[in-house]
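*Asks:* Okay, so here is structure24.cif, and as you'll see once you scroll down, it has mmCIF, C-alpha atoms.
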data_run
loop_
_atom_site.group_PDB
_atom_site.id
_atom_site.type_symbol
_atom_site.label_atom_id
_atom_site.label_comp_id
_atom_site.auth_asym_id
_atom_site.auth_seq_id
_atom_site.Cartn_x
_atom_site.Cartn_y
_atom_site.Cartn_z
ATOM 1 C CA MET A 2 34.023 53.932 26.037
ATOM 2 C CA PRO A 3 35.942 55.889 23.393
ATOM 3 C CA ARG A 4 39.505 56.708 24.482
ATOM 4 C CA ARG A 5 39.742 60.123 22.868
ATOM 5 C CA THR A 6 38.019 63.193 24.125
ATOM 6 C CA PRO A 7 35.801 65.754 22.404
ATOM 7 C CA GLU A 8 38.794 68.104 22.427
ATOM 8 C CA ASP A 9 40.369 65.905 19.756
ATOM 9 C CA ARG A 10 37.757 67.306 17.381
ATOM 10 C CA ILE A 11 37.452 63.912 15.828
ATOM 11 C CA LYS A 12 34.303 62.800 14.103
ATOM 12 C CA VAL A 13 31.721 60.850 16.075
ATOM 13 C CA GLU A 14 32.013 57.945 13.652
ATOM 14 C CA ASP A 15 35.765 57.676 14.181
ATOM 15 C CA LEU A 16 35.361 57.582 17.953
ATOM 16 C CA LEU A 17 32.797 54.843 17.576
ATOM 17 C CA ARG A 18 34.988 52.846 15.200
ATOM 18 C CA GLU A 19 37.722 53.043 17.809
ATOM 19 C CA GLU A 20 35.305 51.816 20.453
ATOM 20 C CA TYR A 21 34.117 48.997 18.219
ATOM 21 C CA PHE A 22 37.579 47.528 17.825
ATOM 22 C CA ASP A 23 38.226 47.928 21.537
ATOM 23 C CA ILE A 24 35.224 45.780 22.404
ATOM 24 C CA LEU A 25 35.385 43.396 19.432
ATOM 25 C CA PRO A 26 37.106 40.581 21.387
ATOM 26 C CA GLU A 27 34.337 40.835 23.982
ATOM 27 C CA ILE A 28 31.647 40.727 21.300
ATOM 28 C CA ARG A 29 33.275 37.575 19.900
ATOM 29 C CA ARG A 30 33.301 35.925 23.321
ATOM 30 C CA VAL A 31 29.629 36.787 23.855
ATOM 31 C CA VAL A 32 28.635 35.336 20.474
ATOM 32 C CA ARG A 33 30.504 32.102 21.185
ATOM 33 C CA GLN A 34 28.956 31.780 24.638
ATOM 34 C CA LEU A 35 25.416 32.505 23.480
ATOM 35 C CA GLU A 36 25.604 30.161 20.516
ATOM 36 C CA ALA A 37 27.003 27.347 22.661
ATOM 37 C CA GLN A 38 24.277 27.781 25.290
ATOM 38 C CA ILE A 39 21.534 27.826 22.676
ATOM 39 C CA ARG A 40 22.875 24.798 20.828
ATOM 40 C CA CYS A 41 23.135 22.913 24.100
ATOM 41 C CA HIS A 42 19.582 23.731 25.215
ATOM 42 C CA THR A 43 17.989 22.993 21.858
ATOM 43 C CA LEU A 44 19.855 19.719 21.348
ATOM 44 C CA PRO A 45 17.021 17.528 22.749
ATOM 45 C CA ILE A 46 14.623 19.163 20.279
ATOM 46 C CA LEU A 47 17.100 18.756 17.424
ATOM 47 C CA GLN A 48 17.438 15.041 18.236
ATOM 48 C CA SER A 49 13.671 14.567 18.216
ATOM 49 C CA LEU A 50 12.905 16.216 14.858
ATOM 50 C CA GLU A 51 10.832 14.372 12.280
ATOM 51 C CA VAL A 52 12.277 13.911 8.807
ATOM 52 C CA HIS A 53 10.493 16.968 7.421
ATOM 53 C CA GLU A 54 11.406 19.220 10.355
ATOM 54 C CA GLN A 55 14.458 21.447 10.671
ATOM 55 C CA LEU A 56 16.291 23.458 13.297
ATOM 56 C CA VAL A 57 19.348 25.535 12.414
ATOM 57 C CA VAL A 58 21.309 27.793 14.760
ATOM 58 C CA LYS A 59 23.224 30.710 13.233
ATOM 59 C CA SER A 60 25.274 33.348 14.982
ATOM 60 C CA ARG A 61 26.608 36.700 13.879
ATOM 61 C CA LEU A 62 28.356 39.693 15.288
ATOM 62 C CA LYS A 63 27.292 43.077 14.028
ATOM 63 C CA ASP A 64 30.000 44.509 11.803
ATOM 64 C CA CYS A 65 31.476 47.909 12.555
ATOM 65 C CA GLU A 66 29.670 49.965 9.930
ATOM 66 C CA SER A 67 26.326 48.285 10.629
ATOM 67 C CA ALA A 68 26.753 49.068 14.312
ATOM 68 C CA LEU A 69 27.470 52.727 13.540
ATOM 69 C CA LYS A 70 24.486 52.987 11.236
ATOM 70 C CA SER A 71 22.239 51.271 13.733
ATOM 71 C CA LEU A 72 23.286 53.656 16.522
ATOM 72 C CA ARG A 73 22.914 56.688 14.256
ATOM 73 C CA ARG A 74 19.400 55.658 13.294
ATOM 74 C CA ARG A 75 18.473 55.470 16.956
ATOM 75 C CA GLN A 76 19.065 59.215 17.278
ATOM 76 C CA GLU A 77 16.188 61.565 16.529
ATOM 77 C CA GLY A 78 16.525 62.552 12.869
ATOM 78 C CA GLY A 79 18.925 59.657 12.324
ATOM 79 C CA THR A 80 21.887 61.969 12.780
ATOM 80 C CA PHE A 81 24.810 62.161 15.202
ATOM 81 C CA ASP A 82 25.319 65.484 16.890
ATOM 82 C CA LEU A 83 28.885 66.512 16.039
ATOM 83 C CA GLU A 84 28.813 68.921 18.956
ATOM 84 C CA LYS A 85 28.883 66.009 21.411
ATOM 85 C CA PRO A 86 31.243 63.473 19.829
ATOM 86 C CA GLY A 87 31.909 61.631 23.102
ATOM 87 C CA GLY A 88 28.218 61.297 23.907
ATOM 88 C CA TYR A 89 27.643 58.027 22.106
ATOM 89 C CA THR A 90 28.586 54.446 22.791
ATOM 90 C CA LEU A 91 27.972 51.299 20.802
ATOM 91 C CA THR A 92 27.173 49.484 24.009
ATOM 92 C CA GLN A 93 23.743 51.133 23.819
ATOM 93 C CA LEU A 94 22.933 48.707 21.022
ATOM 94 C CA PRO A 95 20.964 45.627 22.061
ATOM 95 C CA ASP A 96 22.336 43.345 19.367
ATOM 96 C CA LEU A 97 26.091 43.651 18.941
ATOM 97 C CA ALA A 98 26.118 39.878 19.249
ATOM 98 C CA GLY A 99 23.252 37.791 17.958
ATOM 99 C CA VAL A 100 21.967 34.292 17.423
ATOM 100 C CA ARG A 101 19.119 33.325 15.146
ATOM 101 C CA ILE A 102 17.388 29.979 15.484
ATOM 102 C CA LEU A 103 15.583 28.978 12.299
ATOM 103 C CA VAL A 104 12.809 26.463 12.813
ATOM 104 C CA PHE A 105 10.509 24.588 10.457
ATOM 105 C CA PRO A 106 7.624 24.119 10.800
ATOM 106 C CA ARG A 107 6.067 26.689 13.062
ATOM 107 C CA SER A 108 4.769 24.146 15.579
ATOM 108 C CA ARG A 109 8.378 23.562 16.643
ATOM 109 C CA LEU A 110 8.977 27.269 17.105
ATOM 110 C CA MET A 111 7.041 27.546 20.351
ATOM 111 C CA GLU A 112 8.847 24.511 21.718
ATOM 112 C CA VAL A 113 12.245 26.094 21.041
ATOM 113 C CA ASP A 114 11.083 29.423 22.431
ATOM 114 C CA SER A 115 9.898 27.817 25.675
ATOM 115 C CA ALA A 116 13.087 25.808 26.099
ATOM 116 C CA LEU A 117 15.244 28.923 25.798
ATOM 117 C CA ARG A 118 12.949 31.165 27.823
ATOM 118 C CA THR A 119 13.804 29.276 30.995
ATOM 119 C CA LEU A 120 17.516 29.722 30.331
ATOM 120 C CA PHE A 121 17.258 33.454 29.581
ATOM 121 C CA ALA A 122 14.439 34.287 31.967
ATOM 122 C CA ASP A 123 15.715 37.777 32.792
ATOM 123 C CA TRP A 124 16.256 38.900 29.189
ATOM 124 C CA ASP A 125 14.000 41.569 27.690
ATOM 125 C CA PHE A 126 11.296 40.462 25.271
ATOM 126 C CA ASP A 127 11.393 42.559 22.105
ATOM 127 C CA PRO A 128 9.514 40.554 19.451
ATOM 128 C CA VAL A 129 9.508 41.086 15.721
ATOM 129 C CA PRO A 130 5.866 42.101 15.113
ATOM 130 C CA ASP A 131 3.686 40.915 12.274
ATOM 131 C CA ASP A 132 1.281 43.113 10.308
ATOM 132 C CA ALA A 133 -1.631 42.258 12.579
ATOM 133 C CA GLY A 134 0.133 43.366 15.748
ATOM 134 C CA GLY A 135 1.002 39.801 16.751
ATOM 135 C CA VAL A 136 4.407 38.179 17.118
ATOM 136 C CA LEU A 137 6.136 37.072 13.961
ATOM 137 C CA ALA A 138 9.314 35.990 15.741
ATOM 138 C CA PRO A 139 10.075 35.989 19.469
ATOM 139 C CA LYS A 140 13.223 38.026 20.144
ATOM 140 C CA TYR A 141 15.072 38.713 23.392
ATOM 141 C CA ASN A 142 18.067 40.750 24.448
ATOM 142 C CA GLY A 143 20.230 40.804 27.538
ATOM 143 C CA PHE A 144 23.684 40.054 28.899
ATOM 144 C CA CYS A 145 25.645 36.813 29.035
ATOM 145 C CA ASP A 146 26.612 37.623 32.618
ATOM 146 C CA GLU A 147 29.501 35.168 32.783
ATOM 147 C CA ILE A 148 31.169 36.876 29.834
ATOM 148 C CA SER A 149 30.187 40.541 29.735
ATOM 149 C CA ARG A 150 28.075 43.173 31.427
ATOM 150 C CA THR A 151 28.877 45.603 28.627
ATOM 151 C CA VAL A 152 28.036 43.884 25.364
ATOM 152 C CA ARG A 153 24.356 43.183 24.973
ATOM 153 C CA ALA A 154 23.288 40.252 22.836
ATOM 154 C CA ASP A 155 20.047 39.133 21.304
ATOM 155 C CA TYR A 156 18.551 35.905 20.058
ATOM 156 C CA GLN A 157 15.475 35.325 17.975
ATOM 157 C CA VAL A 158 13.482 32.259 17.082
ATOM 158 C CA VAL A 159 12.351 32.612 13.502
ATOM 159 C CA PRO A 160 10.145 30.586 11.154
ATOM 160 C CA MET A 161 12.743 29.122 8.786
ATOM 161 C CA LEU A 162 11.161 30.191 5.501
ATOM 162 C CA ILE A 163 10.923 33.784 6.671
ATOM 163 C CA GLY A 164 14.400 33.731 8.173
ATOM 164 C CA LEU A 165 15.950 32.549 4.929
ATOM 165 C CA PHE A 166 14.027 35.182 2.998
ATOM 166 C CA TRP A 167 15.276 37.820 5.450
ATOM 167 C CA GLU A 168 18.876 36.796 4.799
ATOM 168 C CA VAL A 169 18.535 37.783 1.145
ATOM 169 C CA GLU A 170 16.186 40.703 1.763
ATOM 170 C CA HIS A 171 18.397 42.156 4.489
ATOM 171 C CA SER A 172 21.400 42.210 2.177
ATOM 172 C CA ALA A 173 19.352 44.006 -0.453
ATOM 173 C CA LEU A 174 17.487 46.491 1.729
ATOM 174 C CA TYR A 175 19.824 47.239 4.587
ATOM 175 C CA LYS A 176 23.255 46.698 3.091
ATOM 176 C CA PRO A 177 22.680 48.077 -0.388
ATOM 177 C CA ALA A 178 25.460 48.706 -2.841
ATOM 178 C CA PRO A 179 26.287 52.422 -3.021
ATOM 179 C CA ALA A 180 24.302 52.695 -6.267
ATOM 180 C CA PHE A 181 21.167 51.377 -4.532
ATOM 181 C CA LYS A 182 21.494 53.548 -1.457
ATOM 182 C CA GLY A 183 18.247 55.380 -0.784
ATOM 183 C CA LYS A 184 16.423 53.489 -3.506
ATOM 184 C CA ALA A 185 16.245 49.977 -2.110
ATOM 185 C CA ASP A 186 14.854 51.219 1.194
ATOM 186 C CA SER A 187 11.572 52.257 -0.338
ATOM 187 C CA GLU A 188 7.879 52.049 0.508
ATOM 188 C CA PRO A 189 6.934 49.708 -2.403
ATOM 189 C CA LEU A 190 9.701 47.265 -1.471
ATOM 190 C CA ARG A 191 8.644 47.361 2.145
ATOM 191 C CA LYS A 192 5.087 46.535 1.147
ATOM 192 C CA LEU A 193 6.256 43.638 -1.039
ATOM 193 C CA ASN A 194 8.370 42.467 1.866
ATOM 194 C CA SER A 195 5.222 42.291 4.037
ATOM 195 C CA ASP A 196 3.402 40.420 1.277
ATOM 196 C CA VAL A 197 6.176 37.823 1.054
ATOM 197 C CA VAL A 198 6.144 37.277 4.811
ATOM 198 C CA ARG A 199 2.367 36.872 4.759
ATOM 199 C CA VAL A 200 2.469 34.312 1.938
ATOM 200 C CA LEU A 201 5.296 32.323 3.528
ATOM 201 C CA THR A 202 3.346 32.213 6.782
ATOM 202 C CA ARG A 203 0.304 30.926 4.898
ATOM 203 C CA PHE A 204 2.412 28.322 3.131
ATOM 204 C CA GLU A 205 3.697 27.087 6.469
ATOM 205 C CA SER A 206 0.199 26.874 7.959
ATOM 206 C CA GLU A 207 -1.038 24.989 4.921
ATOM 207 C CA PHE A 208 1.919 22.628 5.107
ATOM 208 C CA GLU A 209 1.190 21.859 8.733
ATOM 209 C CA GLU A 210 -2.443 21.140 7.901
ATOM 210 C CA PHE A 211 -1.243 18.802 5.164
ATOM 211 C CA ILE A 212 1.070 16.931 7.555
ATOM 212 C CA ARG A 213 -1.650 16.548 10.178
ATOM 213 C CA ALA A 214 -4.258 15.270 7.682
ATOM 214 C CA MET B 19 -4.121 58.860 10.220
ATOM 215 C CA LYS B 20 -1.113 61.109 10.692
ATOM 216 C CA LYS B 21 0.799 59.283 7.973
ATOM 217 C CA ASP B 22 -2.007 59.989 5.473
ATOM 218 C CA MET B 23 -2.142 63.658 6.510
ATOM 219 C CA LEU B 24 1.558 64.020 5.798
ATOM 220 C CA ARG B 25 1.328 62.182 2.491
ATOM 221 C CA GLU B 26 -1.587 64.378 1.369
ATOM 222 C CA ALA B 27 0.470 67.451 2.233
ATOM 223 C CA ASP B 28 3.262 66.162 -0.078
ATOM 224 C CA TYR B 29 5.577 64.996 2.675
ATOM 225 C CA ARG B 30 7.902 62.140 1.805
ATOM 226 C CA TYR B 31 9.547 59.780 4.236
ATOM 227 C CA ASN B 32 13.304 59.432 4.484
ATOM 228 C CA PHE B 33 13.892 55.869 5.697
ATOM 229 C CA ASP B 34 17.515 56.480 6.546
ATOM 230 C CA ARG B 35 16.812 59.475 8.779
ATOM 231 C CA ASP B 36 13.293 58.556 9.878
ATOM 232 C CA ILE B 37 11.900 61.966 9.055
ATOM 233 C CA TYR B 38 8.987 63.269 6.997
ATOM 234 C CA PHE B 39 10.031 66.164 4.789
ATOM 235 C CA ASN B 40 8.625 68.535 2.195
ATOM 236 C CA ARG B 41 11.147 70.291 -0.038
ATOM 237 C CA GLY B 42 8.561 72.845 -1.147
ATOM 238 C CA THR B 43 7.750 74.178 2.301
ATOM 239 C CA LYS B 44 11.185 73.210 3.680
ATOM 240 C CA LYS B 45 9.715 71.594 6.759
ATOM 241 C CA ALA B 46 10.755 68.298 8.333
ATOM 242 C CA PHE B 47 9.180 66.284 11.147
ATOM 243 C CA SER B 48 11.032 63.590 13.043
ATOM 244 C CA LEU B 49 9.252 60.279 13.487
ATOM 245 C CA GLU B 50 9.355 60.711 17.262
ATOM 246 C CA PHE B 51 7.796 64.162 17.002
ATOM 247 C CA VAL B 52 4.964 62.854 14.812
ATOM 248 C CA ASP B 53 4.360 59.922 17.153
ATOM 249 C CA ASP B 54 4.092 62.185 20.187
ATOM 250 C CA ARG B 55 1.637 64.717 18.707
ATOM 251 C CA ASP B 56 -2.073 64.377 18.097
ATOM 252 C CA GLU B 57 -3.557 64.855 14.644
ATOM 253 C CA LYS B 58 -4.913 68.335 15.402
ATOM 254 C CA GLU B 59 -1.561 69.722 16.466
ATOM 255 C CA LEU B 60 0.190 68.069 13.546
ATOM 256 C CA ALA B 61 -2.363 69.501 11.090
ATOM 257 C CA GLU B 62 -1.732 72.999 12.475
ATOM 258 C CA LEU B 63 2.017 72.627 12.073
ATOM 259 C CA ILE B 64 1.679 71.280 8.543
ATOM 260 C CA ALA B 65 -0.551 74.239 7.652
ATOM 261 C CA ALA B 66 1.637 76.857 9.339
ATOM 262 C CA ASN B 67 3.584 79.177 7.084
ATOM 263 C CA SER B 68 7.310 78.525 6.849
ATOM 264 C CA THR B 69 9.553 81.038 8.510
ATOM 265 C CA GLY B 70 12.550 82.329 6.599
ATOM 266 C CA ASN B 71 14.321 80.628 3.720
ATOM 267 C CA GLY B 72 15.889 77.698 5.542
ATOM 268 C CA TRP B 73 14.519 74.419 6.765
ATOM 269 C CA THR B 74 12.313 74.210 9.840
ATOM 270 C CA PHE B 75 12.831 71.048 11.890
ATOM 271 C CA TYR B 76 10.139 69.776 14.230
ATOM 272 C CA PHE B 77 11.946 67.524 16.702
ATOM 273 C CA ASN B 78 11.157 66.496 20.277
ATOM 274 C CA SER B 79 14.608 67.642 21.305
ATOM 275 C CA GLY B 80 15.611 70.600 19.235
ATOM 276 C CA PRO B 81 18.384 69.590 16.833
ATOM 277 C CA SER B 82 21.775 71.247 17.249
ATOM 278 C CA GLU B 83 23.235 73.391 14.494
ATOM 279 C CA SER B 84 25.444 70.530 13.320
ATOM 280 C CA VAL B 85 22.464 68.174 13.074
ATOM 281 C CA LYS B 86 20.517 70.810 11.132
ATOM 282 C CA ARG B 87 23.439 71.322 8.766
ATOM 283 C CA GLU B 88 23.772 67.630 8.049
ATOM 284 C CA LEU B 89 20.045 67.140 7.494
ATOM 285 C CA GLU B 90 19.909 70.185 5.234
ATOM 286 C CA SER B 91 22.659 68.685 3.098
ATOM 287 C CA VAL B 92 20.815 65.353 2.960
ATOM 288 C CA LEU B 93 17.430 66.886 2.150
ATOM 289 C CA GLY B 94 18.779 69.306 -0.435
#
Show this structure as structure tokens.

*Replies:*
Amino acid sequence: MPRRTPEDRIKVEDLLREEYFDILPEIRRVVRQLEAQIRCHTLPILQSLEVHEQLVVKSRLKDCESALKSLRRRQEGGTFDLEKPGGYTLTQLPDLAGVRILVFPRSRLMEVDSALRTLFADWDFDPVPDDAGGVLAPKYNGFCDEISRTVRADYQVVPMLIGLFWEVEHSALYKPAPAFKGKADSEPLRKLNSDVVRVLTRFESEFEEFIRA
Amino acid sequence: MKKDMLREADYRYNFDRDIYFNRGTKKAFSLEFVDDRDEKELAELIAANSTGNGWTFYFNSGPSESVKRELESVLG
């Protein structure tokens, strides 16, 4: 929790930045632990991949400003209440530490998901939805109990083509340069984003049909 | 659809703040507020006359003065 008190009349963001750097070593330990566990439990699948199949594990810790923005956007009206500066904590975020498992093709995705589900049985399921209300990518969040009961982590199993697209798209839409701020996060771009995801999903299905034929 | 009702009434969506707003009528609805109301109630609030010169915020939990001030500066 932030060390200073509301009496310090310090901005909410500054209190949260202070908190972030207090818990950063813990976030790093959680990321390392989660990545190691996931690599270990997906190793048998990795060893059994066909030539055309891929499995890549990537980890990340949410940077300070992204964490602040993410927490702010969880407030109604996307705004911190300056009248209660001590009322927020970054530990409310479900994804301070994260691992993404990119899998190609989709048939391997369920296998990876099942293998990890047994390991993280008590984690909360919070999938990335697709346009039709289905699951685009299984996603879970919870605690690495051996390391921390404070820092929540998440992992997601993502179709590789979509995951790689997201890496570029996320930089453009969610971490825009100051000049793009407010412009990149627009309705037309969001719609195009959905179109890309739909086409990549179709490509993957078609590819799988091709391999099976 | 509530989203269509708001669009037809010239409300735009602020993706950073997750609010629908109309600079002409100076009214803003939080996403949570819109989600929790039915179409009839929302239509009545969209049609209601604005009170005073400042912004009117429709939130589930009434925004504090500091939140109002910040949103007013963002919305212009």

*Asks:* Could you tell me which residues the PyMOL selection byres ((chain A) within 6 of (chain B)) returns for this structure, as a PyMOL selection string?

*Replies:* chain A and resi 78-79+82-83

*Asks:* Evaluate the PyMOL selection byres ((chain A and resi 68-72) around 9) here and jot the selected residues down as a list in words.

*Replies:*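 With the PyMOL selection byres ((chain A and resi 68-72) around 9) on this model, the match is Glu14, Leu17, Arg18, Tyr21, Lys63, Asp64, Cys65, Glu66, Ser67, Arg73, Arg74, Arg75, Gln76, Gly79, Phe81, Tyr89, Thr90, Leu91, Gln93, Leu94, Asp96 and Leu97 of chain A.
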
*Asks:* Any chance you could work out the residue set of the PyMOL selection byres ((chain B and resi 20) around 9) here, as a ChimeraX atom specification?

*Replies:* /B:19,21-25,52-53,56-57,60-61

*Asks:* Which is closer to Ser115 (chain A) than all the others in A:Thr43, A:Ser60, A:Thr151, A:Asn194, using all atoms listed in the file?

*Replies:*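 The shortest atom-to-atom distance to Ser115 (chain A) comes from A:Thr43.
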
*Asks:* So how far away is CA of Thr202 (chain A) from CA of Leu35 (chain A), in Å?

*Replies:*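 Atom-to-atom, CA of Leu35 (chain A) to CA of Thr202 (chain A), that is 27.7 Å.
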
*Asks:* Can you tell me, as a PyMOL selection string, what residues are no more than 7 Å from Asp125 (chain A) when counting only C-alpha atoms, ignoring any on the same chain fewer than 3 positions away?

*Replies:* chain A and resi 141-143

*Asks:* Would you export the selected residues with C-alpha atoms as a PDB file, in the coordinates of the input, please?

*Replies:*
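Saved file again-v7.pdb follows:
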ATOM      1  CA  TYR A 141      15.072  38.713  23.392  1.00  0.00           C
ATOM      2  CA  ASN A 142      18.067  40.750  24.448  1.00  0.00           C
ATOM      3  CA  GLY A 143      20.230  40.804  27.538  1.00  0.00           C
TER       4      GLY A 143
END

*Asks:* Could you jot down the CA of Arg29 (chain A) to CA of Leu110 (chain A) separation for me, Å, one decimal place?

*Replies:*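 So the two atoms, CA of Arg29 (chain A) and CA of Leu110 (chain A), lie 26.5 Å apart.
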
*Asks:* In file coordinates, which residues lie within 9 Å of (7.0, 71.8, 4.1) using only C-alpha atoms, given as a list in words?

*Replies:* Ala27, Asp28, Tyr29, Phe39, Asn40, Arg41, Gly42, Thr43, Lys44, Lys45, Ala46, Ile64, Ala65, Asn67, Ser68, Trp73 and Thr74 of chain B

*Asks:* As AutoDock Vina command-line options, what would the box around region 54-73 of chain B look like: edges along x, y and z, 8 Å added on every side, centre and edge lengths in Å to one decimal?

*Replies:*
--center_x 5.5 --center_y 72.3 --center_z 12.0 --size_x 36.8 --size_y 36.1 --size_z 32.5

*Asks:* I'd like the neighbourhood of Arg199 (chain A) as a list in words, where a residue qualifies if any of its atoms comes within 9 Å (using all atoms listed in the file), though same-chain residues fewer than 4 positions away should be ignored.

*Replies:*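 Once the nearby chain positions are removed, what remains is Asp131, Asp132, Asn194, Ser195, Arg203 and Phe204 of chain A.
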
*Asks:* Write a file of the selected residues as a short mmCIF file (atom, residue, chain, number, x, y, z; two decimals), in the frame of the given file, keeping C-alpha atoms.

*Replies:*
data_model
loop_
_atom_site.label_atom_id
_atom_site.label_comp_id
_atom_site.auth_asym_id
_atom_site.auth_seq_id
_atom_site.Cartn_x
_atom_site.Cartn_y
_atom_site.Cartn_z
CA ASP A 131 3.69 40.92 12.27
CA ASP A 132 1.28 43.11 10.31
CA ASN A 194 8.37 42.47 1.87
CA SER A 195 5.22 42.29 4.04
CA ARG A 203 0.30 30.93 4.90
CA PHE A 204 2.41 28.32 3.13
#

*Asks:* Using only C-alpha atoms, can you tell me which of A:Val32, A:Ala173, A:Leu16, A:Leu47 comes closest to Arg109 (chain A)?

*Replies:*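 Under the stated criterion, the closest residue is A:Leu47.
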
*Asks:* Could you tell me how far CA of Leu190 (chain A) lies from CA of Val57 (chain A), in Å and to one decimal?

*Replies:*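 Between CA of Leu190 (chain A) and CA of Val57 (chain A) the gap is 27.5 Å.
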